[in-house]
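Visitor: My structure is stored as start.csv, with CSV, C-alpha atoms.
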```
chain,number,residue,atom,x,y,z
A,26,MET,CA,13.2,26.1,16.7
A,27,ASP,CA,16.5,24.9,15.4
A,28,TYR,CA,19.1,26.4,17.7
A,29,PHE,CA,22.8,26.9,16.7
A,30,ASP,CA,22.7,27.1,12.9
A,31,TYR,CA,26.3,27.9,12.2
A,32,SER,CA,26.0,26.9,8.5
A,33,LYS,CA,26.4,30.5,7.2
A,34,ARG,CA,29.6,31.2,9.2
A,35,ALA,CA,32.9,31.8,7.4
A,36,ASP,CA,34.7,29.5,9.9
A,37,PRO,CA,33.2,26.0,9.8
A,38,ILE,CA,32.1,24.8,13.2
A,39,ARG,CA,32.7,21.2,14.0
A,40,ASP,CA,29.5,19.1,13.9
A,41,ASP,CA,30.2,17.7,17.4
A,42,LEU,CA,30.4,21.2,18.8
A,43,VAL,CA,27.1,22.2,17.2
A,44,ALA,CA,25.5,19.0,18.6
A,45,ALA,CA,26.9,19.7,22.1
A,46,HIS,CA,25.6,23.2,22.1
A,47,ARG,CA,22.1,22.0,21.1
A,48,ARG,CA,22.1,19.4,23.8
A,49,THR,CA,23.2,22.0,26.3
A,50,TRP,CA,20.3,24.2,25.4
A,51,GLU,CA,17.9,21.3,25.6
A,52,HIS,CA,19.3,20.5,29.0
A,53,ILE,CA,18.9,24.0,30.3
A,54,GLY,CA,15.2,24.3,29.1
A,55,VAL,CA,13.9,21.2,30.9
A,56,ALA,CA,13.2,20.8,34.7
A,57,GLY,CA,16.4,19.7,36.5
A,58,THR,CA,16.9,18.1,39.9
A,59,TRP,CA,15.9,21.0,42.1
A,60,LEU,CA,14.8,23.8,39.7
A,61,ASN,CA,12.1,23.8,37.1
A,62,GLY,CA,12.6,24.9,33.4
A,63,VAL,CA,11.4,28.4,34.0
A,64,GLU,CA,13.9,28.9,36.8
A,65,ARG,CA,16.7,27.4,34.8
A,66,VAL,CA,16.1,29.6,31.8
A,67,ALA,CA,15.8,32.6,34.1
A,68,ILE,CA,19.2,31.7,35.5
A,69,ALA,CA,20.5,31.6,31.9
A,70,ASP,CA,19.0,35.0,31.3
A,71,GLU,CA,20.6,36.5,34.5
A,72,THR,CA,24.1,35.4,33.3
A,73,ARG,CA,23.6,37.7,30.3
A,74,ARG,CA,22.1,40.5,32.4
A,75,ALA,CA,25.0,40.3,34.8
A,76,ARG,CA,27.4,41.4,32.0
A,77,GLY,CA,25.7,44.9,31.9
A,78,CYS,CA,24.7,45.1,35.6
A,79,ALA,CA,25.8,48.4,37.2
A,80,LEU,CA,26.0,46.8,40.7
A,81,CYS,CA,28.2,44.0,39.4
A,82,ALA,CA,30.5,46.6,37.7
A,83,GLU,CA,30.7,48.6,40.9
A,84,ARG,CA,31.5,45.5,43.0
A,85,LYS,CA,34.1,44.3,40.5
A,86,ALA,CA,35.9,47.7,40.8
A,87,ALA,CA,35.7,47.7,44.6
A,88,LEU,CA,38.4,46.5,46.9
A,89,SER,CA,36.0,44.1,48.4
A,90,PRO,CA,32.9,42.9,46.5
A,91,PHE,CA,31.1,42.5,49.8
A,92,ALA,CA,31.4,46.2,50.7
A,93,VAL,CA,29.0,47.4,48.0
A,94,ALA,CA,25.3,47.1,48.6
A,95,GLY,CA,22.5,47.6,46.0
A,96,GLU,CA,20.2,45.9,43.6
A,97,HIS,CA,21.2,43.9,40.5
A,98,ASP,CA,19.7,44.7,37.1
A,99,HIS,CA,17.5,41.6,36.9
A,100,ALA,CA,14.4,40.3,35.2
A,101,GLY,CA,12.4,39.8,38.3
A,102,VAL,CA,11.8,36.1,37.9
A,103,LEU,CA,14.2,34.7,40.5
A,104,ALA,CA,14.4,35.5,44.2
A,105,GLY,CA,17.0,38.1,45.1
A,106,PRO,CA,19.5,35.8,46.7
A,107,LEU,CA,19.5,33.5,43.6
A,108,VAL,CA,20.0,36.5,41.3
A,109,ASP,CA,23.0,37.5,43.5
A,110,VAL,CA,24.5,34.0,43.2
A,111,VAL,CA,24.2,34.0,39.4
A,112,HIS,CA,25.6,37.6,39.0
A,113,ARG,CA,28.5,37.0,41.3
A,114,VAL,CA,29.4,33.7,39.7
A,115,THR,CA,29.2,35.3,36.3
A,116,THR,CA,31.2,38.5,37.0
A,117,ASP,CA,33.5,38.0,40.0
A,118,ALA,CA,33.7,34.3,40.9
A,119,GLY,CA,37.4,34.6,41.9
A,120,ARG,CA,36.4,36.6,45.0
A,121,LEU,CA,33.6,34.4,46.3
A,122,THR,CA,34.2,33.2,49.9
A,123,GLU,CA,33.0,30.4,52.1
A,124,SER,CA,31.3,32.8,54.5
A,125,TRP,CA,29.4,34.3,51.5
A,126,TYR,CA,28.4,30.8,50.5
A,127,LYS,CA,27.1,30.1,54.0
A,128,SER,CA,25.1,33.4,53.9
A,129,VAL,CA,23.5,32.2,50.7
A,130,LEU,CA,22.4,29.0,52.5
A,131,SER,CA,21.1,31.2,55.4
A,132,SER,CA,19.0,33.2,52.9
A,133,GLY,CA,17.0,30.0,52.2
A,134,ILE,CA,18.7,28.6,49.1
A,135,SER,CA,19.6,25.0,49.6
A,136,ALA,CA,23.0,23.7,48.7
A,137,GLU,CA,21.4,21.6,46.1
A,138,SER,CA,19.7,24.5,44.4
A,139,TYR,CA,22.9,26.6,44.7
A,140,VAL,CA,24.9,23.9,42.9
A,141,GLU,CA,22.3,23.5,40.2
A,142,ALA,CA,22.2,27.2,39.7
A,143,VAL,CA,26.0,27.4,39.3
A,144,GLY,CA,25.8,24.4,36.9
A,145,VAL,CA,23.3,26.1,34.7
A,146,ALA,CA,25.0,29.4,34.8
A,147,VAL,CA,28.4,28.1,33.8
A,148,LEU,CA,26.9,26.2,30.8
A,149,VAL,CA,25.4,29.4,29.4
A,150,ILE,CA,28.6,31.4,30.2
A,151,SER,CA,30.6,28.8,28.3
A,152,VAL,CA,28.4,28.7,25.2
A,153,ASP,CA,28.2,32.5,25.1
A,154,ALA,CA,32.0,32.7,25.6
A,155,PHE,CA,32.4,30.5,22.5
A,156,HIS,CA,30.1,32.9,20.5
A,157,ASP,CA,32.0,35.9,21.8
A,158,ALA,CA,35.3,34.4,20.9
A,159,MET,CA,34.1,33.6,17.4
A,160,GLY,CA,32.3,36.9,16.9
A,161,ILE,CA,28.9,35.2,16.6
A,162,PRO,CA,25.8,36.8,18.1
A,163,PHE,CA,24.4,35.1,21.1
A,164,GLU,CA,21.8,32.3,20.6
A,165,PRO,CA,18.3,33.1,21.8
A,166,LEU,CA,17.8,31.2,25.1
A,167,PRO,CA,15.8,28.0,25.0
A,168,GLU,CA,12.1,28.0,25.7
A,169,PRO,CA,11.4,26.5,29.2
A,170,LYS,CA,9.6,23.2,29.1
A,171,PRO,CA,7.0,22.2,31.6
A,172,GLY,CA,7.8,19.6,34.3
A,173,GLU,CA,8.8,19.2,37.9
A,174,PRO,CA,12.3,18.7,39.3
A,175,THR,CA,13.2,15.2,40.3
A,176,ARG,CA,14.5,16.2,43.8
A,177,GLN,CA,16.9,13.2,43.9
A,178,ARG,CA,19.8,13.9,46.2
A,179,PRO,CA,22.7,11.5,46.0
A,180,ALA,CA,22.7,9.7,49.3
A,181,GLY,CA,26.5,9.7,49.7
A,182,ALA,CA,27.0,13.5,49.1
A,183,ARG,CA,28.6,15.3,52.0
A,184,VAL,CA,30.8,18.2,52.8
A,185,GLU,CA,34.5,17.1,52.9
A,186,GLU,CA,37.0,19.3,54.6
A,187,GLY,CA,39.7,20.5,52.3
A,188,VAL,CA,37.8,19.5,49.1
A,189,ALA,CA,34.9,22.0,48.6
A,190,TRP,CA,32.4,24.3,50.4
A,191,VAL,CA,29.5,22.4,48.9
A,192,PRO,CA,28.6,18.7,49.6
A,193,VAL,CA,30.3,16.4,47.0
A,194,LEU,CA,30.4,12.8,45.9
A,195,GLY,CA,33.5,10.8,45.3
A,196,PRO,CA,34.2,7.4,43.6
A,197,SER,CA,33.9,5.7,47.0
A,198,THR,CA,30.8,7.6,48.2
A,199,CYS,CA,28.6,7.6,45.1
A,200,GLY,CA,26.0,4.9,44.3
A,201,PRO,CA,26.2,2.8,41.2
A,202,GLU,CA,23.7,5.2,39.5
A,203,ASP,CA,26.4,7.9,39.6
A,204,ALA,CA,29.5,5.9,39.0
A,205,ASP,CA,29.7,7.2,35.5
A,206,LEU,CA,30.7,10.7,36.8
A,207,PHE,CA,34.1,9.3,37.6
A,208,ALA,CA,34.5,6.9,34.7
A,209,GLY,CA,37.6,7.2,32.5
A,210,LEU,CA,39.7,8.9,35.2
A,211,PRO,CA,43.2,7.7,35.9
A,212,PRO,CA,43.7,5.7,39.1
A,213,GLY,CA,43.9,7.7,42.4
A,214,PRO,CA,41.7,10.2,44.1
A,215,ALA,CA,39.2,11.9,41.7
A,216,PRO,CA,40.2,15.5,41.0
A,217,ASN,CA,38.3,18.0,43.1
A,218,VAL,CA,37.1,19.9,40.0
A,219,ILE,CA,35.4,16.7,38.8
A,220,ARG,CA,33.7,16.4,42.2
A,221,ALA,CA,32.7,20.1,42.5
A,222,LEU,CA,29.1,19.9,41.1
A,223,SER,CA,28.5,16.2,42.0
A,224,LEU,CA,25.7,17.1,44.5
A,225,VAL,CA,23.7,17.5,41.3
A,226,PRO,CA,25.0,14.7,39.0
A,227,SER,CA,22.9,15.7,36.0
A,228,GLU,CA,24.9,19.0,35.9
A,229,VAL,CA,28.2,17.2,36.0
A,230,ARG,CA,27.0,15.1,33.0
A,231,ALA,CA,26.0,18.2,31.1
A,232,TRP,CA,29.3,19.8,31.8
A,233,HIS,CA,31.3,16.7,30.7
A,234,ASP,CA,29.3,16.6,27.5
A,235,LEU,CA,30.0,20.2,26.6
A,236,ALA,CA,33.7,19.9,27.8
A,237,ALA,CA,34.3,16.9,25.5
A,238,ALA,CA,33.4,19.0,22.5
A,239,GLN,CA,34.9,22.4,23.5
A,240,TYR,CA,38.0,21.0,25.2
A,241,LEU,CA,38.7,17.3,25.6
A,242,SER,CA,36.9,14.3,27.0
A,243,ALA,CA,38.3,12.7,30.3
A,244,ARG,CA,40.1,10.0,28.2
A,245,GLN,CA,41.5,12.6,25.7
A,246,MET,CA,42.9,14.6,28.6
A,247,GLN,CA,45.2,11.8,29.5
A,248,ASP,CA,46.6,11.5,26.0
A,249,PRO,CA,49.3,14.1,25.2
A,250,VAL,CA,48.4,13.8,21.5
A,251,SER,CA,45.7,16.3,20.6
A,252,PRO,CA,42.7,15.2,18.6
A,253,ARG,CA,42.2,18.9,17.5
A,254,ALA,CA,43.6,21.2,14.9
A,255,ILE,CA,45.9,22.8,17.5
A,256,ASP,CA,48.3,20.7,19.5
A,257,ARG,CA,48.1,19.9,23.2
A,258,ALA,CA,50.6,22.5,24.3
A,259,GLN,CA,48.6,25.2,22.4
A,260,ILE,CA,45.4,24.0,24.1
A,261,GLU,CA,47.0,24.1,27.5
A,262,LEU,CA,48.5,27.5,26.9
A,263,LEU,CA,45.0,28.9,26.2
A,264,ALA,CA,43.6,27.1,29.2
A,265,GLY,CA,46.3,28.4,31.5
A,266,ARG,CA,46.1,32.0,30.3
A,267,VAL,CA,42.3,32.2,30.6
A,268,SER,CA,42.5,30.7,34.1
A,269,ALA,CA,45.2,33.2,35.1
A,270,LEU,CA,43.2,36.2,33.8
A,271,ASN,CA,40.3,35.0,35.8
A,272,GLU,CA,42.6,34.7,38.8
A,273,CYS,CA,41.9,31.0,39.2
A,274,PHE,CA,44.4,29.4,41.5
A,275,TYR,CA,43.1,26.0,40.7
B,8,MET,CA,49.2,20.3,31.9
B,9,LEU,CA,50.9,23.0,29.9
B,10,ARG,CA,54.3,22.1,31.3
B,11,ALA,CA,53.7,18.4,30.7
B,12,SER,CA,52.6,18.9,27.1
B,13,ILE,CA,55.7,21.1,26.4
B,14,GLU,CA,58.0,18.5,27.9
B,15,TYR,CA,56.2,15.8,25.9
B,16,GLN,CA,57.2,17.7,22.8
B,17,GLY,CA,60.8,17.6,24.0
B,18,ASN,CA,61.1,21.3,24.7
B,19,GLU,CA,62.1,23.2,27.8
B,20,ALA,CA,59.1,24.2,29.8
B,21,ASP,CA,58.8,27.9,30.1
B,22,VAL,CA,55.3,28.7,31.2
B,23,SER,CA,55.8,32.3,32.0
B,24,ALA,CA,53.3,33.4,29.3
B,25,VAL,CA,50.5,32.0,31.4
B,26,ALA,CA,51.1,34.8,34.0
B,27,GLY,CA,52.9,37.3,31.9
B,28,GLY,CA,50.6,37.3,28.9
B,29,ALA,CA,51.4,38.1,25.2
B,30,GLU,CA,54.1,40.6,26.1
B,31,SER,CA,55.9,38.2,28.5
B,32,GLU,CA,59.6,38.3,28.1
B,33,GLY,CA,60.0,34.6,28.7
B,34,ASN,CA,60.7,32.2,25.9
B,35,ASN,CA,57.3,30.9,24.9
B,36,PRO,CA,58.1,27.4,23.5
B,37,VAL,CA,54.5,26.9,22.2
B,38,VAL,CA,54.1,27.3,18.4
B,39,HIS,CA,52.1,30.5,17.7
B,40,GLY,CA,52.1,31.1,21.4
B,41,ARG,CA,51.9,34.9,21.1
B,42,GLU,CA,48.8,34.7,18.9
B,43,LEU,CA,47.2,32.2,21.1
B,44,VAL,CA,47.8,34.2,24.3
B,45,ALA,CA,46.6,37.5,22.6
B,46,PHE,CA,43.4,35.7,21.5
B,47,ALA,CA,42.8,34.3,25.1
B,48,GLU,CA,43.4,37.8,26.5
B,49,ALA,CA,41.1,39.6,24.1
B,50,ALA,CA,38.4,36.9,24.6
B,51,VAL,CA,38.5,37.3,28.4
B,52,GLN,CA,38.7,41.1,28.3
B,53,GLY,CA,35.8,41.2,25.8
B,54,ASP,CA,36.7,44.2,23.8
B,55,PRO,CA,35.2,43.5,20.4
B,56,ALA,CA,37.8,45.4,18.3
B,57,SER,CA,40.8,43.8,19.9
B,58,LEU,CA,39.1,40.4,19.8
B,59,GLU,CA,38.5,40.8,16.1
B,60,SER,CA,42.1,41.6,15.4
B,61,ALA,CA,43.3,38.8,17.7
B,62,ARG,CA,40.9,36.4,15.9
B,63,ASP,CA,42.2,37.4,12.5
B,64,ALA,CA,45.8,37.0,13.6
B,65,LEU,CA,45.2,33.6,15.1
B,66,ARG,CA,43.2,32.4,12.0
B,67,GLU,CA,46.2,33.5,9.9
B,68,VAL,CA,48.5,31.1,11.7
B,69,VAL,CA,46.4,28.1,12.7
B,70,GLY,CA,43.6,28.2,10.1
B,71,SER,CA,39.8,28.2,10.6
B,72,ALA,CA,39.7,24.8,12.3
B,73,GLY,CA,42.4,25.8,14.8
B,74,LEU,CA,40.6,29.1,15.5
B,75,VAL,CA,37.4,27.2,16.3
B,76,ASP,CA,39.2,24.8,18.5
B,77,ALA,CA,40.9,27.7,20.3
B,78,ALA,CA,37.6,29.4,20.9
B,79,GLY,CA,36.2,26.1,22.3
B,80,VAL,CA,39.1,25.9,24.8
B,81,VAL,CA,38.7,29.5,25.9
B,82,ALA,CA,35.0,29.0,26.3
B,83,ASN,CA,35.6,25.8,28.3
B,84,PHE,CA,37.9,27.5,30.8
B,85,GLN,CA,35.6,30.5,31.2
B,86,ARG,CA,33.4,27.8,32.7
B,87,MET,CA,36.0,25.8,34.6
B,88,VAL,CA,37.2,28.7,36.7
B,89,ARG,CA,33.6,29.5,37.8
B,90,ILE,CA,32.9,25.9,38.7
B,91,ALA,CA,36.1,25.8,40.9
B,92,ASP,CA,35.3,29.2,42.5
B,93,GLY,CA,31.6,28.7,42.8
B,94,ALA,CA,32.0,25.3,44.6
B,95,GLY,CA,35.0,26.6,46.6
B,96,ILE,CA,37.2,23.7,45.7
B,97,ALA,CA,40.7,23.4,47.1
B,98,LEU,CA,43.7,22.3,45.0
B,99,ASP,CA,44.2,18.5,45.0
B,100,THR,CA,47.3,17.5,47.0
B,101,SER,CA,48.9,15.7,44.0
B,102,VAL,CA,48.5,18.7,41.8
B,103,GLY,CA,49.8,21.0,44.6
B,104,MET,CA,52.9,18.8,44.8
B,105,LEU,CA,53.5,18.8,41.1
B,106,ALA,CA,53.0,22.5,40.7
B,107,GLU,CA,54.5,23.8,44.0
B,108,ASP,CA,57.3,25.7,42.1
B,109,LEU,CA,54.8,27.3,39.8
B,110,ARG,CA,52.9,28.9,42.7
B,111,GLU,CA,55.9,31.1,43.3
B,112,ASP,CA,57.2,31.4,39.7
B,113,LEU,CA,53.8,32.5,38.4
B,114,GLY,CA,52.7,34.5,41.5
B,115,LEU,CA,49.6,32.4,41.9
B,116,ASP,CA,49.5,32.9,45.6
B,117,ARG,CA,48.3,36.5,45.0
B,118,PHE,CA,44.9,35.2,43.8
B,119,GLU,CA,42.2,35.3,46.5
B,120,SER,CA,41.2,31.8,45.6
B,121,ALA,CA,44.6,30.6,46.7
B,122,GLY,CA,43.4,31.0,50.3
B,123,ARG,CA,41.2,27.9,49.8
B,124,SER,CA,44.2,25.6,49.3
B,125,GLY,CA,46.4,25.1,52.3
B,126,ASP,CA,50.2,24.8,52.2
B,127,LEU,CA,51.8,21.5,51.7
B,128,GLY,CA,53.0,19.6,54.7
B,129,PRO,CA,56.7,19.1,55.3
B,130,VAL,CA,56.7,15.5,53.9
B,131,GLN,CA,54.8,16.6,50.8
B,132,ARG,CA,57.0,19.6,50.4
B,133,ALA,CA,60.1,17.4,50.6
B,134,LEU,CA,58.7,14.9,48.1
B,135,SER,CA,57.4,17.6,45.7
B,136,PRO,CA,60.7,18.1,43.7
B,137,VAL,CA,61.2,14.3,43.4
B,138,LEU,CA,57.7,13.9,42.0
B,139,ARG,CA,58.3,16.8,39.6
B,140,ARG,CA,61.5,15.3,38.3
B,141,LEU,CA,59.8,11.9,37.9
B,142,ALA,CA,57.0,13.5,35.9
B,143,HIS,CA,59.4,15.6,33.8
B,144,PHE,CA,61.3,12.4,33.0
B,145,GLY,CA,58.1,10.5,32.3
B,146,PHE,CA,56.7,13.1,29.9
B,147,ARG,CA,60.0,13.4,28.0
B,148,MET,CA,60.2,9.6,27.6
B,149,MET,CA,56.6,9.3,26.4
B,150,GLY,CA,57.2,12.1,23.9
B,151,ARG,CA,60.5,10.6,22.6
B,152,ARG,CA,58.8,7.2,22.1
B,153,ALA,CA,55.8,8.8,20.3
B,154,ARG,CA,58.2,10.7,18.0
B,155,LYS,CA,60.2,7.5,17.3
B,156,ARG,CA,56.9,5.7,16.5
B,157,SER,CA,55.7,8.3,14.1
B,158,ALA,CA,59.2,8.5,12.4
B,159,VAL,CA,59.0,4.7,11.8
B,160,SER,CA,55.5,4.8,10.5
```
Represent the structure from my file as structure tokens, please.

Guide:
Amino acid sequence: MDYFDYSKRADPIRDDLVAAHRRTWEHIGVAGTWLNGVERVAIADETRRARGCALCAERKAALSPFAVAGEHDHAGVLAGPLVDVVHRVTTDAGRLTESWYKSVLSSGISAESYVEAVGVAVLVISVDAFHDAMGIPFEPLPEPKPGEPTRQRPAGARVEEGVAWVPVLGPSTCGPEDADLFAGLPPGPAPNVIRALSLVPSEVRAWHDLAAAQYLSARQMQDPVSPRAIDRAQIELLAGRVSALNECFY
Amino acid sequence: MLRASIEYQGNEADVSAVAGGAESEGNNPVVHGRELVAFAEAAVQGDPASLESARDALREVVGSAGLVDAAGVVANFQRMVRIADGAGIALDTSVGMLAEDLREDLGLDRFESAGRSGDLGPVQRALSPVLRRLAHFGFRMMGRRARKRSAVS
């Protein structure tokens, strides 16, 4: 199946955006580092279910999202704790806490699977957000491909106080096979947001690939001249307002 | 980044629209800032009717290509916030120093995610205004040079 055929849309979509969306779907459908293709597509599906989930709506309205118990509206493919991760990241990420993250680990989900699940979820959320913004119906999810996860954990990944809850890599702790994650950045410490998903390097690469088409590549970010049809201040105003509405301090 | 890009363009950086939204009383120095902010708000809030009208209004001023680029940016930052919050990352010290004044001006400390980033130390706090002035000067100089170059060519 040819995904993302935008050819009949009134507003022409850039070819590089179409290609990035197709690569993202391909990436989601295949086995990853810790999760197989069926699990990854199920995570994608849960991001969409979360939008209409009654429990998520009730939690969102509550003073504390941890005060409301119940069961999510889910497809029954993923284990309960993983469903909860995907739904919370989708609908109320700004109120996640480190103690909640630790309770996820206690439930039997590894930090590696957690990071990969977040990585897959945010890709789908982002592609769907583009469709929403343009008034285009959602793309059918990719068919899962057979295959086993590689289970390759970067040797240098560790929890760093004051950086993130999850174990991360940095330019000085990654092996040569993952040095590309930090390529093109200005001198100095790598930004924490670049390191956030680095426990699962393939998810960082997928994120960079999509970001380069939807926003800017790492190199373009350092250039105040915009390569897009809107200027850099216009781009950053959109970025800032979306982040503020999502209560993102970062 | 918004402040830097406004200063690069040679304008006074008023970023109040980030926190205040489309109805912010501040002077939004970004061209078509009101339409852009209204589009971002409608996209995040997800009401199809207001999104359609915000989309039409934005297309009217930035064209189809600008609208597609704007939708891409909105989509990207719907992801970025979830990466930051899902991984529980703290604000980088250098960014914290450059944006220390914005925390208060924009009321960012009210966000629950602010709790992940500690306060700056006394030395960092003292150096923060100096760093901001240097960055302000640097961006304005870069912008002035770029405008001169494009005027010559």

Visitor: From (27.1, 16.1, 43.2), in the file's coordinates, out to 7 Å: which residues are reached, counting all atoms listed in the file? Answer as a list in words.

Guide: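 Result, sorted by chain then residue number: Pro179, Ala182, Val193, Leu194, Arg220, Ala221, Leu222, Ser223, Leu224, Val225 and Pro226 of chain A.
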
Visitor: Please find the residues of chain A near chain B - the criterion being any atom within 6 Å, counting only C-alpha atoms - and write them as number ranges by chain.

Guide: A: 36, 118-119, 147, 151, 154-155, 158, 188-191, 221, 239-240, 254-255, 258, 261-267, 272-275

Visitor: To one decimal place, how far is CA of Lys127 (chain A) from CA of Ser227 (chain A) in Å?

Guide: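 Interatomic distance, CA of Lys127 (chain A) to CA of Ser227 (chain A): 23.4 Å.
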
Visitor: In Å, rounded to a single decimal, give me how far CA of Pro211 (chain A) is from CA of Ala142 (chain B).

Guide: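 It comes out at 15.0 Å.
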
Visitor: I'd like the contact shell of Gly54 (chain A) - 8 Å cut-off, all atoms listed in the file, skipping same-chain residues fewer than 6 positions apart - returned as a short mmCIF file (atom, residue, chain, number, x, y, z; two decimals) with C-alpha atoms, in the coordinates of the input.

Guide:
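Output saved as result.cif:
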```cif
data_model
loop_
_atom_site.label_atom_id
_atom_site.label_comp_id
_atom_site.auth_asym_id
_atom_site.auth_seq_id
_atom_site.Cartn_x
_atom_site.Cartn_y
_atom_site.Cartn_z
CA GLY A 62 12.60 24.90 33.40
CA VAL A 63 11.40 28.40 34.00
CA ARG A 65 16.70 27.40 34.80
CA VAL A 66 16.10 29.60 31.80
CA PRO A 167 15.80 28.00 25.00
CA GLU A 168 12.10 28.00 25.70
CA PRO A 169 11.40 26.50 29.20
CA LYS A 170 9.60 23.20 29.10
#
```

Visitor: What's the 12 Å shell around Ser89 (chain A), counting all atoms listed in the file, without same-chain residues fewer than 3 positions away, as a short mmCIF file (atom, residue, chain, number, x, y, z; two decimals) with C-alpha atoms, keeping the file's coordinate frame?

Guide:
```cif
data_model
loop_
_atom_site.label_atom_id
_atom_site.label_comp_id
_atom_site.auth_asym_id
_atom_site.auth_seq_id
_atom_site.Cartn_x
_atom_site.Cartn_y
_atom_site.Cartn_z
CA CYS A 81 28.20 44.00 39.40
CA GLU A 83 30.70 48.60 40.90
CA ARG A 84 31.50 45.50 43.00
CA LYS A 85 34.10 44.30 40.50
CA ALA A 86 35.90 47.70 40.80
CA ALA A 92 31.40 46.20 50.70
CA VAL A 93 29.00 47.40 48.00
CA ALA A 94 25.30 47.10 48.60
CA ASP A 117 33.50 38.00 40.00
CA GLY A 119 37.40 34.60 41.90
CA ARG A 120 36.40 36.60 45.00
CA LEU A 121 33.60 34.40 46.30
CA THR A 122 34.20 33.20 49.90
CA GLU B 119 42.20 35.30 46.50
#
```

Visitor: Find the distance between CA of Leu206 (chain A) and CA of Val152 (chain A) and write it in Å to one decimal.

Guide: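 Value for the CA of Leu206 (chain A)-CA of Val152 (chain A) distance: 21.5 Å.
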
Visitor: Restricting the calculation to all atoms listed in the file, which member of A:Ser128, A:Ala75, A:Ser268, A:Met159 is positioned closest to Ser60 (chain B)?

Guide: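 The shortest atom-to-atom distance to Ser60 (chain B) comes from A:Met159.
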
Visitor: Which neighbours of His52 (chain A) fall inside 12 Å, counting only C-alpha atoms, when residues of the same chain fewer than 5 positions from it are skipped, and could you give them as a list in words?

Guide: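 Skipping anything fewer than 5 positions along the chain leaves Ala45, His46, Arg47, Gly57, Thr58, Asn61, Gly62, Arg65, Val66, Ala69, Glu141, Gly144, Val145, Leu148, Val149, Leu166, Pro167, Glu168, Pro169, Lys170, Ser227, Glu228, Val229, Arg230, Ala231, Trp232, Asp234 and Leu235 of chain A.
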